[in-house]
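Enquirer: Sharing my_file_13.cif below, mmCIF, C-alpha atoms:
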data_protein
#
loop_
_atom_site.group_PDB
_atom_site.id
_atom_site.type_symbol
_atom_site.label_atom_id
_atom_site.label_comp_id
_atom_site.auth_asym_id
_atom_site.auth_seq_id
_atom_site.Cartn_x
_atom_site.Cartn_y
_atom_site.Cartn_z
ATOM 1 C CA MET A 47 0.359 14.800 10.128
ATOM 2 C CA LYS A 48 3.476 16.497 8.835
ATOM 3 C CA GLU A 49 2.792 19.174 6.236
ATOM 4 C CA LEU A 50 3.950 18.133 2.768
ATOM 5 C CA LYS A 51 6.060 20.378 0.605
ATOM 6 C CA VAL A 52 4.768 19.567 -2.871
ATOM 7 C CA ALA A 53 7.237 20.410 -5.641
ATOM 8 C CA PHE A 54 6.690 20.205 -9.401
ATOM 9 C CA ASP A 55 9.511 19.655 -11.885
ATOM 10 C CA PHE A 56 8.934 19.330 -15.634
ATOM 11 C CA ASN A 57 11.593 17.685 -17.806
ATOM 12 C CA GLU A 58 10.880 19.073 -21.252
ATOM 13 C CA ASP A 59 13.248 16.673 -23.059
ATOM 14 C CA ALA A 60 11.668 13.569 -21.499
ATOM 15 C CA ASP A 61 8.151 15.121 -21.446
ATOM 16 C CA VAL A 62 7.771 14.018 -17.823
ATOM 17 C CA LEU A 63 6.285 15.942 -14.915
ATOM 18 C CA HIS A 64 7.681 14.909 -11.543
ATOM 19 C CA ILE A 65 5.646 15.718 -8.452
ATOM 20 C CA SER A 66 7.478 15.327 -5.157
ATOM 21 C CA LEU A 67 5.657 15.335 -1.834
ATOM 22 C CA GLY A 68 8.854 16.431 -0.091
ATOM 23 C CA THR A 69 9.261 13.501 2.276
ATOM 24 C CA GLY A 70 12.961 13.051 1.533
ATOM 25 C CA GLU A 71 12.596 9.277 1.817
ATOM 26 C CA PRO A 72 14.386 7.121 -0.797
ATOM 27 C CA SER A 73 11.712 5.787 -3.145
ATOM 28 C CA TYR A 74 10.926 3.327 -5.904
ATOM 29 C CA CYS A 75 8.392 3.630 -8.753
ATOM 30 C CA GLU A 76 5.251 1.627 -9.337
ATOM 31 C CA GLU A 77 3.463 1.827 -12.696
ATOM 32 C CA ILE A 78 -0.253 2.551 -12.316
ATOM 33 C CA ASP A 79 -0.961 2.916 -16.047
ATOM 34 C CA ASP A 80 0.777 4.151 -19.210
ATOM 35 C CA ILE A 81 0.812 7.719 -17.938
ATOM 36 C CA LEU A 82 1.161 7.568 -14.160
ATOM 37 C CA LEU A 83 3.998 6.236 -12.022
ATOM 38 C CA VAL A 84 3.700 6.374 -8.246
ATOM 39 C CA GLU A 85 6.769 6.750 -6.077
ATOM 40 C CA ARG A 86 6.684 4.914 -2.732
ATOM 41 C CA GLY A 87 9.086 5.165 0.172
ATOM 42 C CA TYR A 88 11.362 2.156 0.612
ATOM 43 C CA PHE A 89 10.842 2.152 4.360
ATOM 44 C CA SER A 90 7.312 3.438 4.886
ATOM 45 C CA GLY A 91 5.615 2.261 1.699
ATOM 46 C CA GLN A 92 3.830 5.630 1.666
ATOM 47 C CA ILE A 93 3.406 7.692 -1.499
ATOM 48 C CA THR A 94 6.315 10.085 -1.851
ATOM 49 C CA GLY A 95 5.619 11.423 -5.324
ATOM 50 C CA PHE A 96 4.429 10.877 -8.883
ATOM 51 C CA GLN A 97 5.755 10.904 -12.398
ATOM 52 C CA ILE A 98 3.388 11.788 -15.210
ATOM 53 C CA MET A 99 4.625 10.591 -18.588
ATOM 54 C CA ASP A 100 4.109 12.263 -21.990
ATOM 55 C CA VAL A 101 2.573 15.399 -20.522
ATOM 56 C CA THR A 102 2.528 17.506 -23.692
ATOM 57 C CA TYR A 103 1.574 14.531 -25.887
ATOM 58 C CA HIS A 104 -1.532 13.945 -23.751
ATOM 59 C CA ARG A 105 -2.120 17.718 -23.514
ATOM 60 C CA ILE A 106 -2.204 17.686 -19.732
ATOM 61 C CA GLN A 107 -2.851 21.271 -18.689
ATOM 62 C CA SER A 108 -3.289 20.887 -14.950
ATOM 63 C CA VAL A 109 -2.693 18.294 -12.282
ATOM 64 C CA GLY A 110 -4.824 17.609 -9.243
ATOM 65 C CA VAL A 111 -2.490 15.920 -6.772
ATOM 66 C CA VAL A 112 -5.426 14.650 -4.691
ATOM 67 C CA ALA A 113 -6.904 12.951 -7.771
ATOM 68 C CA PHE A 114 -3.606 11.168 -8.430
ATOM 69 C CA VAL A 115 -3.387 10.003 -4.821
ATOM 70 C CA LYS A 116 -6.927 8.621 -5.040
ATOM 71 C CA LYS A 117 -6.147 6.867 -8.331
ATOM 72 C CA ALA A 118 -2.950 5.377 -6.923
ATOM 73 C CA LEU A 119 -4.687 4.151 -3.783
ATOM 74 C CA LYS A 120 -7.721 2.730 -5.608
ATOM 75 C CA GLU A 121 -5.867 -0.350 -6.855
ATOM 76 C CA GLU A 122 -4.188 -0.758 -3.477
ATOM 77 C CA LYS A 123 -7.628 -0.681 -1.824
ATOM 78 C CA ASN A 124 -8.954 -3.266 -4.283
ATOM 79 C CA GLU A 125 -5.973 -5.551 -3.614
ATOM 80 C CA LEU A 126 -6.511 -5.233 0.140
ATOM 81 C CA GLN A 127 -10.204 -6.069 -0.223
ATOM 82 C CA ARG A 128 -9.371 -9.174 -2.306
ATOM 83 C CA TYR A 129 -6.776 -10.245 0.248
ATOM 84 C CA LEU A 130 -9.148 -9.778 3.187
ATOM 85 C CA THR A 131 -11.933 -11.645 1.401
ATOM 86 C CA GLN A 132 -9.571 -14.516 0.688
ATOM 87 C CA LYS A 133 -8.270 -14.587 4.256
ATOM 88 C CA SER A 134 -11.761 -14.368 5.745
ATOM 89 C CA HIS A 135 -12.397 -17.868 4.417
ATOM 90 C CA ASP A 136 -9.523 -19.085 6.603
ATOM 91 C CA ILE A 137 -10.964 -17.690 9.846
ATOM 92 C CA PRO A 138 -13.119 -20.746 10.758
ATOM 93 C CA LEU A 139 -10.092 -23.004 10.245
ATOM 94 C CA ILE A 140 -7.907 -20.763 12.383
ATOM 95 C CA ILE A 141 -10.519 -20.672 15.165
ATOM 96 C CA GLN A 142 -10.973 -24.431 15.042
ATOM 97 C CA ASP A 143 -7.211 -24.949 15.168
ATOM 98 C CA ARG A 144 -6.838 -22.586 18.134
ATOM 99 C CA LEU A 145 -9.704 -24.248 20.000
ATOM 100 C CA SER A 146 -8.269 -27.723 19.513
ATOM 101 C CA THR A 147 -4.823 -26.482 20.566
ATOM 102 C CA ASN A 148 -6.330 -24.861 23.672
ATOM 103 C CA ARG A 149 -8.287 -28.014 24.519
ATOM 104 C CA SER A 150 -5.161 -30.128 24.177
ATOM 105 C CA LEU A 151 -3.212 -27.701 26.333
ATOM 106 C CA ARG A 152 -5.938 -27.586 29.005
ATOM 107 C CA LYS A 153 -6.111 -31.377 29.062
ATOM 108 C CA LEU A 154 -2.339 -31.600 29.442
ATOM 109 C CA LEU A 155 -2.383 -29.025 32.283
ATOM 110 C CA GLN A 156 -5.210 -30.833 34.040
ATOM 111 C CA GLU A 157 -3.316 -34.116 33.815
ATOM 112 C CA GLN A 158 -0.216 -32.475 35.280
ATOM 113 C CA GLU A 159 -2.231 -30.931 38.135
ATOM 114 C CA GLN A 160 -3.720 -34.306 38.979
ATOM 115 C CA GLU A 161 -0.235 -35.834 39.159
ATOM 116 C CA VAL A 162 0.935 -33.215 41.659
#
Re-express the file's structure as structure tokens.
Expert:
Amino acid sequence: MKELKVAFDFNEDADVLHISLGTGEPSYCEEIDDILLVERGYFSGQITGFQIMDVTYHRIQSVGVVAFVKKALKEEKNELQRYLTQKSHDIPLIIQDRLSTNRSLRKLLQEQEQEV
């Protein structure tokens, strides 16, 4: 994995701390909660940085980048689990559909072989 070049930039006027992971990829922001915004790459969908709002108001003294990554990915993991659970209910239908399609195809092929 490529080594990240983490950079911190604090905007005192806006009271926002920007943490860049140095990917250089154009990004968009996703709100995690009232304090944390996650930046994701347009192309890769990977985390490219964070914005922490109201830093001095919330008296944030230090930032653990790993903790923010885990927090950002927690909801993504939960969404994936919900999606997979929902889709797992479709598996028997998909299998049944494939089996019936295969049976129909085999029957058609057998009929064509008999004609030849």
Enquirer: As a list in words, please: the residues near Gly87 in chain A (cut-off 9 Å, all atoms listed in the file, same-chain neighbours under 2 positions excluded).
Expert: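 Here the answer would be Thr69, Gly70, Glu71, Pro72, Ser73, Tyr74, Glu85, Phe89, Ser90, Gly91, Gln92, Ile93 and Thr94 of chain A.
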Enquirer: Do you have the CA of Lys51 in chain A-CA of Leu67 in chain A distance handy?
Expert: 5.6 Å
Enquirer: Step by step, work through what the PyMOL selection byres ((chain A and resi 54-60) around 9) selects in the shown file, and finish by giving those residues as a list in words.
Expert: Val52, Ala53, Asp61, Val62, Leu63, His64, Ile65, Ser66, Met99, Asp100, Val101 and Thr102 of chain A
Enquirer: At a cut-off of 6 Å, using only C-alpha atoms, what residues contact range 75-83 of chain A? Leave out same-chain residues fewer than 4 positions from it and give the result as number ranges by chain.
Expert: A: 96-99
Enquirer: What is the distance between CA of Thr131 in chain A and CA of Arg86 in chain A, in Å to one decimal?
Expert: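 Separation of CA of Thr131 in chain A and CA of Arg86 in chain A: 25.3 Å.
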Enquirer: What does the structure give for the distance between CA of Gln107 in chain A and CA of Lys120 in chain A, in Å to one decimal?
Expert: 23.2 Å
Enquirer: If I only have part of range 76-111 of chain A, can you fill in N, CA and C atoms and write it as an mmCIF file, keeping the file's coordinate frame?
Expert:
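Result saved to part_11.cif:
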data_model
loop_
_atom_site.group_PDB
_atom_site.id
_atom_site.type_symbol
_atom_site.label_atom_id
_atom_site.label_comp_id
_atom_site.auth_asym_id
_atom_site.auth_seq_id
_atom_site.Cartn_x
_atom_site.Cartn_y
_atom_site.Cartn_z
ATOM 1 N N GLU A 76 6.253 2.638 -9.042
ATOM 2 C CA GLU A 76 5.251 1.627 -9.337
ATOM 3 C C GLU A 76 4.397 2.154 -10.477
ATOM 4 N N GLU A 77 4.261 1.378 -11.564
ATOM 5 C CA GLU A 77 3.463 1.827 -12.696
ATOM 6 C C GLU A 77 1.985 1.585 -12.423
ATOM 7 N N ILE A 78 1.188 2.655 -12.502
ATOM 8 C CA ILE A 78 -0.253 2.551 -12.316
ATOM 9 C C ILE A 78 -0.919 2.329 -13.672
ATOM 10 N N ASP A 79 -0.499 3.097 -14.675
ATOM 11 C CA ASP A 79 -0.961 2.916 -16.047
ATOM 12 C C ASP A 79 0.107 3.490 -16.967
ATOM 13 N N ASP A 80 -0.225 3.680 -18.244
ATOM 14 C CA ASP A 80 0.777 4.151 -19.210
ATOM 15 C C ASP A 80 1.235 5.580 -18.966
ATOM 16 N N ILE A 81 0.490 6.310 -18.177
ATOM 17 C CA ILE A 81 0.812 7.719 -17.938
ATOM 18 C C ILE A 81 1.371 7.961 -16.543
ATOM 19 N N LEU A 82 0.861 7.251 -15.552
ATOM 20 C CA LEU A 82 1.161 7.568 -14.160
ATOM 21 C C LEU A 82 2.063 6.540 -13.489
ATOM 22 N N LEU A 83 3.129 7.033 -12.883
ATOM 23 C CA LEU A 83 3.998 6.236 -12.022
ATOM 24 C C LEU A 83 3.883 6.806 -10.614
ATOM 25 N N VAL A 84 3.774 5.943 -9.638
ATOM 26 C CA VAL A 84 3.700 6.374 -8.246
ATOM 27 C C VAL A 84 5.014 6.036 -7.576
ATOM 28 N N GLU A 85 5.551 6.981 -6.842
ATOM 29 C CA GLU A 85 6.769 6.750 -6.077
ATOM 30 C C GLU A 85 6.379 6.421 -4.642
ATOM 31 N N ARG A 86 6.967 5.343 -4.105
ATOM 32 C CA ARG A 86 6.684 4.914 -2.732
ATOM 33 C C ARG A 86 7.990 4.843 -1.955
ATOM 34 N N GLY A 87 7.915 5.207 -0.688
ATOM 35 C CA GLY A 87 9.086 5.165 0.172
ATOM 36 C C GLY A 87 9.518 3.733 0.430
ATOM 37 N N TYR A 88 10.823 3.494 0.357
ATOM 38 C CA TYR A 88 11.362 2.156 0.612
ATOM 39 C C TYR A 88 11.020 1.658 2.011
ATOM 40 N N PHE A 89 11.031 2.558 2.971
ATOM 41 C CA PHE A 89 10.842 2.152 4.360
ATOM 42 C C PHE A 89 9.386 2.196 4.799
ATOM 43 N N SER A 90 8.680 3.253 4.411
ATOM 44 C CA SER A 90 7.312 3.438 4.886
ATOM 45 C C SER A 90 6.268 2.839 3.949
ATOM 46 N N GLY A 91 6.596 2.718 2.672
ATOM 47 C CA GLY A 91 5.615 2.261 1.699
ATOM 48 C C GLY A 91 4.600 3.339 1.336
ATOM 49 N N GLN A 92 4.756 4.526 1.918
ATOM 50 C CA GLN A 92 3.830 5.630 1.666
ATOM 51 C C GLN A 92 4.173 6.306 0.340
ATOM 52 N N ILE A 93 3.183 6.962 -0.253
ATOM 53 C CA ILE A 93 3.406 7.692 -1.499
ATOM 54 C C ILE A 93 4.304 8.886 -1.226
ATOM 55 N N THR A 94 5.378 8.974 -2.003
ATOM 56 C CA THR A 94 6.315 10.085 -1.851
ATOM 57 C C THR A 94 6.319 11.013 -3.060
ATOM 58 N N GLY A 95 5.671 10.588 -4.138
ATOM 59 C CA GLY A 95 5.619 11.423 -5.324
ATOM 60 C C GLY A 95 5.008 10.695 -6.507
ATOM 61 N N PHE A 96 5.000 11.407 -7.650
ATOM 62 C CA PHE A 96 4.429 10.877 -8.883
ATOM 63 C C PHE A 96 5.285 11.284 -10.059
ATOM 64 N N GLN A 97 5.192 10.511 -11.121
ATOM 65 C CA GLN A 97 5.755 10.904 -12.398
ATOM 66 C C GLN A 97 4.646 10.751 -13.430
ATOM 67 N N ILE A 98 4.416 11.806 -14.178
ATOM 68 C CA ILE A 98 3.388 11.788 -15.210
ATOM 69 C C ILE A 98 4.120 11.822 -16.550
ATOM 70 N N MET A 99 3.907 10.765 -17.331
ATOM 71 C CA MET A 99 4.625 10.591 -18.588
ATOM 72 C C MET A 99 3.887 11.274 -19.738
ATOM 73 N N ASP A 100 4.656 11.721 -20.737
ATOM 74 C CA ASP A 100 4.109 12.263 -21.990
ATOM 75 C C ASP A 100 3.084 13.376 -21.745
ATOM 76 N N VAL A 101 3.480 14.324 -20.940
ATOM 77 C CA VAL A 101 2.573 15.399 -20.522
ATOM 78 C C VAL A 101 2.072 16.216 -21.706
ATOM 79 N N THR A 102 2.969 16.678 -22.564
ATOM 80 C CA THR A 102 2.528 17.506 -23.692
ATOM 81 C C THR A 102 1.816 16.664 -24.747
ATOM 82 N N TYR A 103 2.235 15.424 -24.930
ATOM 83 C CA TYR A 103 1.574 14.531 -25.887
ATOM 84 C C TYR A 103 0.109 14.327 -25.513
ATOM 85 N N HIS A 104 -0.163 14.151 -24.226
ATOM 86 C CA HIS A 104 -1.532 13.945 -23.751
ATOM 87 C C HIS A 104 -2.249 15.267 -23.447
ATOM 88 N N ARG A 105 -1.556 16.372 -23.710
ATOM 89 C CA ARG A 105 -2.120 17.718 -23.514
ATOM 90 C C ARG A 105 -2.638 17.932 -22.094
ATOM 91 N N ILE A 106 -1.838 17.507 -21.134
ATOM 92 C CA ILE A 106 -2.204 17.686 -19.732
ATOM 93 C C ILE A 106 -1.921 19.138 -19.363
ATOM 94 N N GLN A 107 -2.965 19.852 -18.993
ATOM 95 C CA GLN A 107 -2.851 21.271 -18.689
ATOM 96 C C GLN A 107 -2.745 21.550 -17.200
ATOM 97 N N SER A 108 -3.351 20.688 -16.390
ATOM 98 C CA SER A 108 -3.289 20.887 -14.950
ATOM 99 C C SER A 108 -3.269 19.529 -14.273
ATOM 100 N N VAL A 109 -2.820 19.531 -13.037
ATOM 101 C CA VAL A 109 -2.693 18.294 -12.282
ATOM 102 C C VAL A 109 -3.311 18.486 -10.915
ATOM 103 N N GLY A 110 -4.250 17.616 -10.584
ATOM 104 C CA GLY A 110 -4.824 17.609 -9.243
ATOM 105 C C GLY A 110 -4.136 16.521 -8.445
ATOM 106 N N VAL A 111 -3.266 16.892 -7.539
ATOM 107 C CA VAL A 111 -2.490 15.920 -6.772
ATOM 108 C C VAL A 111 -3.407 14.973 -6.012
#
